[in-house]
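Peer 1: Handing you a structure now.
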Amino acid sequence: MSTLSLAVRDSSTMLRRNLLHARRYPSLTLNLLLTPIMLLLLFVYVFGDVMSAGLGGRADRSAYIAYLVPGLLLMTIGSATVGTAVSVSTDMSEGIIARFRTMAIHRGSVLVGHVVGSVVQSVAGVVLVGAVAVAIGFRSTDATALEWLAAFGLLVLFALALTWIAVGMGLVSPNAEAASNNAMPMILLPLLSSAFVPVDAMPGWFRPVAEYQPFTPAIETLRGLLLGTEIGHNGWLALAWCAGLVVLGHLWSARTFDRDPR
Amino acid sequence: MTTGSAIAARGLRKSYGDKTVLDGIDLTVPDGTVFSLLGPNGAGKTTAVKILSTLISADAGDLRIGGQDPATDARAVRAAIGVTGQFSAVDGLITGEENMLLMADLHHLSKKEGRRVAAGLLERFDLTEAAKKPAATYSGGMKRRLDIAMTLVGSPRIIFLDEPTTGLDPRARHDMWQIIRELVTGGVTVFLTTQYLEEADQLADRIAVLNGGKIVAEGTAGELKRIVPGGHVRLRFSDPAAYRSATAALSDAVRDDAALALQIPGDGSQRDLRVLLDRLDAAGIEADELTVRTPDLDDVFFALTGPAATVPHQPKEALR
């Protein structure tokens with residue numbers, strides 16, 4: 001069997017294992033989806049009118065839904081990757097990983113199985129949160145089929161990038177609690193991005209925090225694709241962030257996994 | 001390196017920081033035999049297994065597993081071995097059957113073949129009934145059986161068992177011994193670590209005693225037992241007069257006046273015993289109790305390992 005077909009076959013076996021875990025024990029993933037859904041409902045129904053007025057429009061919560069949803073879709077991905085870090089860390093402490101390491105299988109397949117499984121779960125989470133958003137009145141304005149496709153592609157790419165980083169975090173965490181703490185930035189960063197208010201509305205000293213991080217350009221790009229706002233250089237920035245994080249996360253994870261376990 | 005050996009190691013070293021775990025050990029395990037690495041907790045047994053099974057790398061040393069060098073071709077080694085670790089290497093979140101099918105997939109068996117092999121092994125290890133339950137709900141013995149069953153999916157030629165019976169109840173332990181014996185009958189080489197001397201005595205063709213990162217003795221169970229002195233016949237009397245006349249007749253005996261007992265050194269062989277009985281008959285001595293005591297692996301273990309090496313060991317008597 002060639003190296004490539006071995007890699008594909010073993011990785012898909014590992015993917016099946018991870019999806020089986022997720023299907024048997026969906027509570028972790030579902031719990032993590034609660035945060036974005038709660039925030040969505042809170043910001044639309046409690047703060048919606050105020051936010052909308054504050055952003056320079058009428059006090060109309062349905063207008064704020066449109067602004068809010070792209071950010072919360074990406075936040076859903078961030079939230080789901082906390083679950084990735086926890087499940088990778090838990091998995092690494094299991095004896096079965098030691099067994100995998102002593103088997104003549106494609107070495108990377110353990111990680112690839114985790115990554116692909118997590119991306120699938122993230123995207124499923126995005127679909128779920130998106131469905132809630134549509135149910136409470138979110139509608140995309142004049143997005144073409146191509147833009148929908150690009151939006152979906154961006155979500156998958158963003159999920160892939162954060163997942164590889166989360167896998168690295170899970171690998172260096174000694175236990176589930178540590179993994180959950182280490183993955184905190186995945187939930188904090190979207191709160192500090194343009195998800196809830198535009199960067200312009202933030203104090204000057206704070207703007208760099210919102211600007212120089214992956215969520216803001218990805219949110220602005222998604223907003224542009226779904227709602228027709230100006231994307232500008234954010235598209236390229238988002239792609240660059242994603243590509244950079246994928247490469248970084250992959251190298252970090254692979255190197256950590258290849259080290260001798262204690 | 002010897003040909004025909006499943007495992008050969010020379011000068012194996014491993015340390016973590018400034019703590020030396022393996023301090024240059026040499027091992028040779030011929031094909032189709034059971035080799036037992038015996039030692040107290042913390043002696044380095046698990047580290048040795050981890051290195052031999054390619055889980056971690058050695059700091060120094062020359063290694064051949066199934067004729068392959070794990071340092072240059074870990075993959076070829078992995079294709080030849082199966083490992084059952086100290087902590088069960090099963091996926092607790094999925095069922096026993098799913099664990100088996102996972103192994104079949106990773107060994108690239110076809111779907112049909114995988115199902116056949118999995119069902120066969122589940123049956124053989126008496127797990128068919130529990131096959132649809134999550135492995136986390138299994139008892140210790142069942143987990144260990146599933147663990148071995150998973151190891152056997154790939155039909156490995158060399159199997160590493162790291163303390164396979166630790167924590168098992170006596171019945172489960174004997175079941176495990178039976179499983180190991182069957183493996184050997186099938187031509188598999190077994191590398192077994194244990195802290196139970198009886199286990200090594202029961203199963204192993206050769207035993208190495210590991211202590212403080214060094215092999216302190218190696219040989220068959222019989223050879224090891226010969227290392228430590230202490231074989232004797234003990235005669236106990238209830239009548240002080242009989243005891244006194246016996247002491248007079250057996251001048252080579254060690255006296256225990258308080259217990260009215262005599263210890264006559266000997267190797268416990270039939271010939272040795274007959275000579276002694278003839279002497280007793282000739283002198284008209286009749287003891288109330290006669291016990292033959294041969295050194296067991298416990299004696300070897302205590303003599304060779306740990307701080308107990310300097311403390312005289314109180315032997316258990318074996319009634320014959």
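Numbering starts fresh at 1 for the residues of each chain in the structure tokens, the chains themselves are lettered A, B, ... in the order given, and ligands are numbered from 1 as they appear.
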Tell me as a PDB file with C-alpha atoms, in the first residue's frame which residues belonging to chain A come within 10 Å of chain B, counting only C-alpha atoms.
Peer 2:
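As a result, out_24.pdb now contains:
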ATOM      1  CA  MET A   1       0.000   0.000   0.000  1.00  0.00           C
ATOM      2  CA  LEU A   6      -2.231   4.220   3.825  1.00  0.00           C
ATOM      3  CA  ARG A   9      -7.227   4.780   4.955  1.00  0.00           C
ATOM      4  CA  ASP A  10      -5.894   5.054   8.512  1.00  0.00           C
ATOM      5  CA  SER A  11      -7.052   8.647   8.836  1.00  0.00           C
ATOM      6  CA  SER A  12     -10.574   7.736   7.787  1.00  0.00           C
ATOM      7  CA  THR A  13     -10.541   4.886  10.326  1.00  0.00           C
ATOM      8  CA  MET A  14      -9.515   7.365  13.035  1.00  0.00           C
ATOM      9  CA  ARG A  16     -14.819   7.134  12.157  1.00  0.00           C
ATOM     10  CA  ARG A  17     -13.606   6.509  15.709  1.00  0.00           C
ATOM     11  CA  LEU A  20     -18.428   7.556  16.916  1.00  0.00           C
ATOM     12  CA  HIS A  21     -17.265   9.183  20.169  1.00  0.00           C
ATOM     13  CA  ALA A  22     -19.051  12.416  19.251  1.00  0.00           C
ATOM     14  CA  ARG A  24     -22.195   8.502  21.600  1.00  0.00           C
ATOM     15  CA  TYR A  25     -21.301  11.436  23.843  1.00  0.00           C
ATOM     16  CA  ASP A  91      -7.719  10.909  24.429  1.00  0.00           C
ATOM     17  CA  GLU A  94      -5.927   6.823  27.254  1.00  0.00           C
ATOM     18  CA  GLY A  95      -3.994   3.598  26.830  1.00  0.00           C
ATOM     19  CA  ILE A  96      -5.337   3.160  23.320  1.00  0.00           C
ATOM     20  CA  ILE A  97      -3.128   5.994  22.051  1.00  0.00           C
ATOM     21  CA  ALA A  98      -0.079   4.081  23.289  1.00  0.00           C
ATOM     22  CA  ARG A  99      -1.409   1.106  21.335  1.00  0.00           C
ATOM     23  CA  PHE A 100      -1.777   3.217  18.187  1.00  0.00           C
ATOM     24  CA  ARG A 101       1.806   4.397  18.587  1.00  0.00           C
ATOM     25  CA  THR A 102       3.078   0.820  18.574  1.00  0.00           C
ATOM     26  CA  MET A 103       1.091  -0.172  15.489  1.00  0.00           C
ATOM     27  CA  ALA A 104       2.269  -0.024  11.894  1.00  0.00           C
ATOM     28  CA  ILE A 105      -0.234   2.666  10.960  1.00  0.00           C
ATOM     29  CA  HIS A 106       0.183   6.099   9.424  1.00  0.00           C
ATOM     30  CA  ARG A 107       1.454   8.103  12.380  1.00  0.00           C
ATOM     31  CA  ASP A 258       6.060  12.772  17.656  1.00  0.00           C
ATOM     32  CA  ARG A 259       7.875  13.373  20.909  1.00  0.00           C
ATOM     33  CA  ASP A 260       8.259  10.374  23.216  1.00  0.00           C
ATOM     34  CA  PRO A 261       5.280  10.161  25.561  1.00  0.00           C
ATOM     35  CA  ARG A 262       6.142  10.164  29.258  1.00  0.00           C
TER      36      ARG A 262
END
Peer 1: Hey, what's within 9 Å of region 204-210 of chain B if we count only C-alpha atoms and toss same-chain stuff fewer than 4 positions away? As an MDAnalysis selection string, please?
Peer 2: chainID B and resid 25 27 29 33:40 43:45 190:192 199:200 214:221 224 300:301 304:305
Peer 1: From the set B:Asp267, B:Glu286, B:Asp59, B:Asp252, which residue has the shortest atom-to-atom contact distance to Gly231 (chain B), counting only C-alpha atoms?
Peer 2: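 Ranked by minimum distance to Gly231 (chain B), first place goes to B:Asp267.
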Peer 1: Using only C-alpha atoms, which residues sit within 12 Å of Tyr67 (chain A) once same-chain residues fewer than 2 positions away are excluded, as a ChimeraX atom specification?
Peer 2: /A:40,43-44,48,51-52,55,57,60-65,69-73,133,138-141,194-198,219-220,222-224,226-229
Peer 1: Keeping C-alpha atoms for every residue in the selection just given, could you write it to a file as a compact mmCIF listing (two decimals), in the first residue's frame?
Peer 2:
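The file below, part-v9.txt, is the result:
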# COMPACT_ATOMS: atom_id res chain seq x y z
CA LEU A 40 -27.28 35.43 20.21
CA PHE A 43 -27.87 40.40 22.33
CA VAL A 44 -30.88 40.28 20.01
CA GLY A 48 -30.89 44.50 20.38
CA MET A 51 -27.20 48.21 20.13
CA SER A 52 -28.97 49.01 16.90
CA LEU A 55 -24.67 51.74 15.88
CA GLY A 57 -29.64 53.32 13.14
CA ASP A 60 -34.55 48.04 15.69
CA ARG A 61 -33.34 44.69 16.97
CA SER A 62 -33.98 42.98 13.64
CA ALA A 63 -31.31 45.23 12.09
CA TYR A 64 -28.85 44.21 14.79
CA ILE A 65 -29.45 40.50 14.05
CA VAL A 69 -24.90 36.69 13.24
CA PRO A 70 -21.65 36.49 11.20
CA GLY A 71 -19.60 37.04 14.36
CA LEU A 72 -21.56 34.48 16.33
CA LEU A 73 -21.19 31.88 13.58
CA ALA A 133 -30.41 32.73 13.69
CA PHE A 138 -31.70 36.56 10.19
CA ARG A 139 -31.75 36.82 6.39
CA SER A 140 -28.83 37.21 4.05
CA THR A 141 -29.26 40.12 1.64
CA SER A 194 -15.85 43.19 15.71
CA ALA A 195 -18.49 40.54 16.42
CA PHE A 196 -20.70 42.75 18.60
CA VAL A 197 -19.68 46.29 17.71
CA PRO A 198 -17.55 47.75 14.88
CA ILE A 219 -16.07 38.26 10.58
CA GLU A 220 -15.80 41.23 8.23
CA LEU A 222 -18.31 36.74 6.24
CA ARG A 223 -20.39 39.88 6.77
CA GLY A 224 -19.44 41.08 3.30
CA LEU A 226 -23.67 37.37 3.38
CA LEU A 227 -24.78 41.00 3.71
CA GLY A 228 -22.94 42.79 0.95
CA THR A 229 -20.90 45.11 3.18
Peer 1: Name the residues of region 5-222 of chain B that fall into helix (DSSP H, G or I) according to DSSP on the backbone, using the chain letters and numbers of this document, as a PyMOL selection string.
Peer 2: chain B and resi 45-52+74-80+96-106+111-124+135-137+140-152+170-185+197-203+221-222
Peer 1: For the residues in that selection, give me C-alpha atoms as a PDB file, in the first residue's frame.
Peer 2:
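File written: result-v8.pdb
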ATOM      1  CA  LYS B  45      10.301  -2.886  33.609  1.00  0.00           C
ATOM      2  CA  THR B  46       7.742  -0.658  31.938  1.00  0.00           C
ATOM      3  CA  THR B  47      10.442   1.583  30.478  1.00  0.00           C
ATOM      4  CA  ALA B  48      12.108  -1.501  29.003  1.00  0.00           C
ATOM      5  CA  VAL B  49       8.830  -2.603  27.411  1.00  0.00           C
ATOM      6  CA  LYS B  50       8.167   0.903  26.092  1.00  0.00           C
ATOM      7  CA  ILE B  51      11.556   0.959  24.377  1.00  0.00           C
ATOM      8  CA  LEU B  52      11.334  -2.583  22.999  1.00  0.00           C
ATOM      9  CA  ALA B  74      10.293   1.291  13.578  1.00  0.00           C
ATOM     10  CA  ARG B  75       7.557   0.480  11.101  1.00  0.00           C
ATOM     11  CA  ALA B  76       8.888  -3.017  10.368  1.00  0.00           C
ATOM     12  CA  VAL B  77       9.180  -3.662  14.101  1.00  0.00           C
ATOM     13  CA  ARG B  78       5.629  -2.434  14.669  1.00  0.00           C
ATOM     14  CA  ALA B  79       4.332  -4.764  11.972  1.00  0.00           C
ATOM     15  CA  ALA B  80       5.786  -7.738  13.866  1.00  0.00           C
ATOM     16  CA  GLY B  96     -15.832  -4.264  22.710  1.00  0.00           C
ATOM     17  CA  GLU B  97     -16.872  -5.209  19.202  1.00  0.00           C
ATOM     18  CA  GLU B  98     -16.166  -1.701  17.884  1.00  0.00           C
ATOM     19  CA  ASN B  99     -12.720  -1.876  19.497  1.00  0.00           C
ATOM     20  CA  MET B 100     -12.061  -5.129  17.640  1.00  0.00           C
ATOM     21  CA  LEU B 101     -13.313  -3.759  14.317  1.00  0.00           C
ATOM     22  CA  LEU B 102     -11.158  -0.657  14.846  1.00  0.00           C
ATOM     23  CA  MET B 103      -8.121  -2.919  15.108  1.00  0.00           C
ATOM     24  CA  ALA B 104      -9.219  -4.879  12.036  1.00  0.00           C
ATOM     25  CA  ASP B 105      -9.499  -1.619  10.065  1.00  0.00           C
ATOM     26  CA  LEU B 106      -6.083  -0.454  11.229  1.00  0.00           C
ATOM     27  CA  LYS B 111     -14.746  -5.704   6.061  1.00  0.00           C
ATOM     28  CA  LYS B 112     -15.725  -9.352   5.847  1.00  0.00           C
ATOM     29  CA  GLU B 113     -12.384 -10.641   7.104  1.00  0.00           C
ATOM     30  CA  GLY B 114     -12.397  -8.065   9.909  1.00  0.00           C
ATOM     31  CA  ARG B 115     -15.828  -9.150  11.105  1.00  0.00           C
ATOM     32  CA  ARG B 116     -14.767 -12.798  10.988  1.00  0.00           C
ATOM     33  CA  VAL B 117     -11.542 -12.223  12.950  1.00  0.00           C
ATOM     34  CA  ALA B 118     -13.266  -9.963  15.494  1.00  0.00           C
ATOM     35  CA  ALA B 119     -16.105 -12.412  16.096  1.00  0.00           C
ATOM     36  CA  GLY B 120     -13.641 -15.311  16.403  1.00  0.00           C
ATOM     37  CA  LEU B 121     -11.449 -13.564  18.968  1.00  0.00           C
ATOM     38  CA  LEU B 122     -14.414 -12.245  20.977  1.00  0.00           C
ATOM     39  CA  GLU B 123     -15.682 -15.816  21.119  1.00  0.00           C
ATOM     40  CA  ARG B 124     -12.256 -17.202  22.070  1.00  0.00           C
ATOM     41  CA  ALA B 135     -15.609  -1.279  27.091  1.00  0.00           C
ATOM     42  CA  ALA B 136     -15.575   1.177  30.013  1.00  0.00           C
ATOM     43  CA  THR B 137     -18.242  -0.939  31.704  1.00  0.00           C
ATOM     44  CA  GLY B 140     -10.733  -5.620  35.037  1.00  0.00           C
ATOM     45  CA  GLY B 141     -10.421  -9.184  33.765  1.00  0.00           C
ATOM     46  CA  MET B 142     -12.684  -8.544  30.787  1.00  0.00           C
ATOM     47  CA  LYS B 143     -10.776  -5.391  29.851  1.00  0.00           C
ATOM     48  CA  ARG B 144      -7.521  -7.327  29.948  1.00  0.00           C
ATOM     49  CA  ARG B 145      -9.020 -10.077  27.778  1.00  0.00           C
ATOM     50  CA  LEU B 146     -10.320  -7.505  25.296  1.00  0.00           C
ATOM     51  CA  ASP B 147      -6.899  -5.866  25.360  1.00  0.00           C
ATOM     52  CA  ILE B 148      -5.179  -9.127  24.394  1.00  0.00           C
ATOM     53  CA  ALA B 149      -7.866  -9.940  21.839  1.00  0.00           C
ATOM     54  CA  MET B 150      -7.207  -6.552  20.197  1.00  0.00           C
ATOM     55  CA  THR B 151      -3.476  -7.236  20.203  1.00  0.00           C
ATOM     56  CA  LEU B 152      -4.076 -10.553  18.425  1.00  0.00           C
ATOM     57  CA  PRO B 170      -7.068 -15.150  41.145  1.00  0.00           C
ATOM     58  CA  ARG B 171      -9.500 -16.661  38.640  1.00  0.00           C
ATOM     59  CA  ALA B 172      -8.919 -13.935  36.068  1.00  0.00           C
ATOM     60  CA  ARG B 173      -5.185 -14.354  36.635  1.00  0.00           C
ATOM     61  CA  HIS B 174      -5.337 -18.063  35.930  1.00  0.00           C
ATOM     62  CA  ASP B 175      -7.446 -17.385  32.836  1.00  0.00           C
ATOM     63  CA  MET B 176      -4.750 -14.988  31.673  1.00  0.00           C
ATOM     64  CA  TRP B 177      -2.025 -17.578  32.273  1.00  0.00           C
ATOM     65  CA  GLN B 178      -3.973 -20.068  30.192  1.00  0.00           C
ATOM     66  CA  ILE B 179      -4.257 -17.499  27.403  1.00  0.00           C
ATOM     67  CA  ILE B 180      -0.503 -16.863  27.484  1.00  0.00           C
ATOM     68  CA  ARG B 181       0.240 -20.604  27.356  1.00  0.00           C
ATOM     69  CA  GLU B 182      -2.020 -20.960  24.322  1.00  0.00           C
ATOM     70  CA  LEU B 183      -0.219 -18.103  22.597  1.00  0.00           C
ATOM     71  CA  VAL B 184       3.107 -19.828  23.063  1.00  0.00           C
ATOM     72  CA  THR B 185       1.699 -23.084  21.728  1.00  0.00           C
ATOM     73  CA  LEU B 197       7.262 -14.499  41.086  1.00  0.00           C
ATOM     74  CA  GLU B 198       4.790 -17.314  40.773  1.00  0.00           C
ATOM     75  CA  GLU B 199       3.743 -15.937  37.396  1.00  0.00           C
ATOM     76  CA  ALA B 200       7.275 -15.987  36.057  1.00  0.00           C
ATOM     77  CA  ASP B 201       7.795 -19.446  37.534  1.00  0.00           C
ATOM     78  CA  GLN B 202       4.599 -20.726  35.890  1.00  0.00           C
ATOM     79  CA  LEU B 203       5.049 -19.233  32.454  1.00  0.00           C
ATOM     80  CA  ALA B 221      13.513 -20.547  37.164  1.00  0.00           C
ATOM     81  CA  GLY B 222      15.562 -23.552  38.318  1.00  0.00           C
TER      82      GLY B 222
END
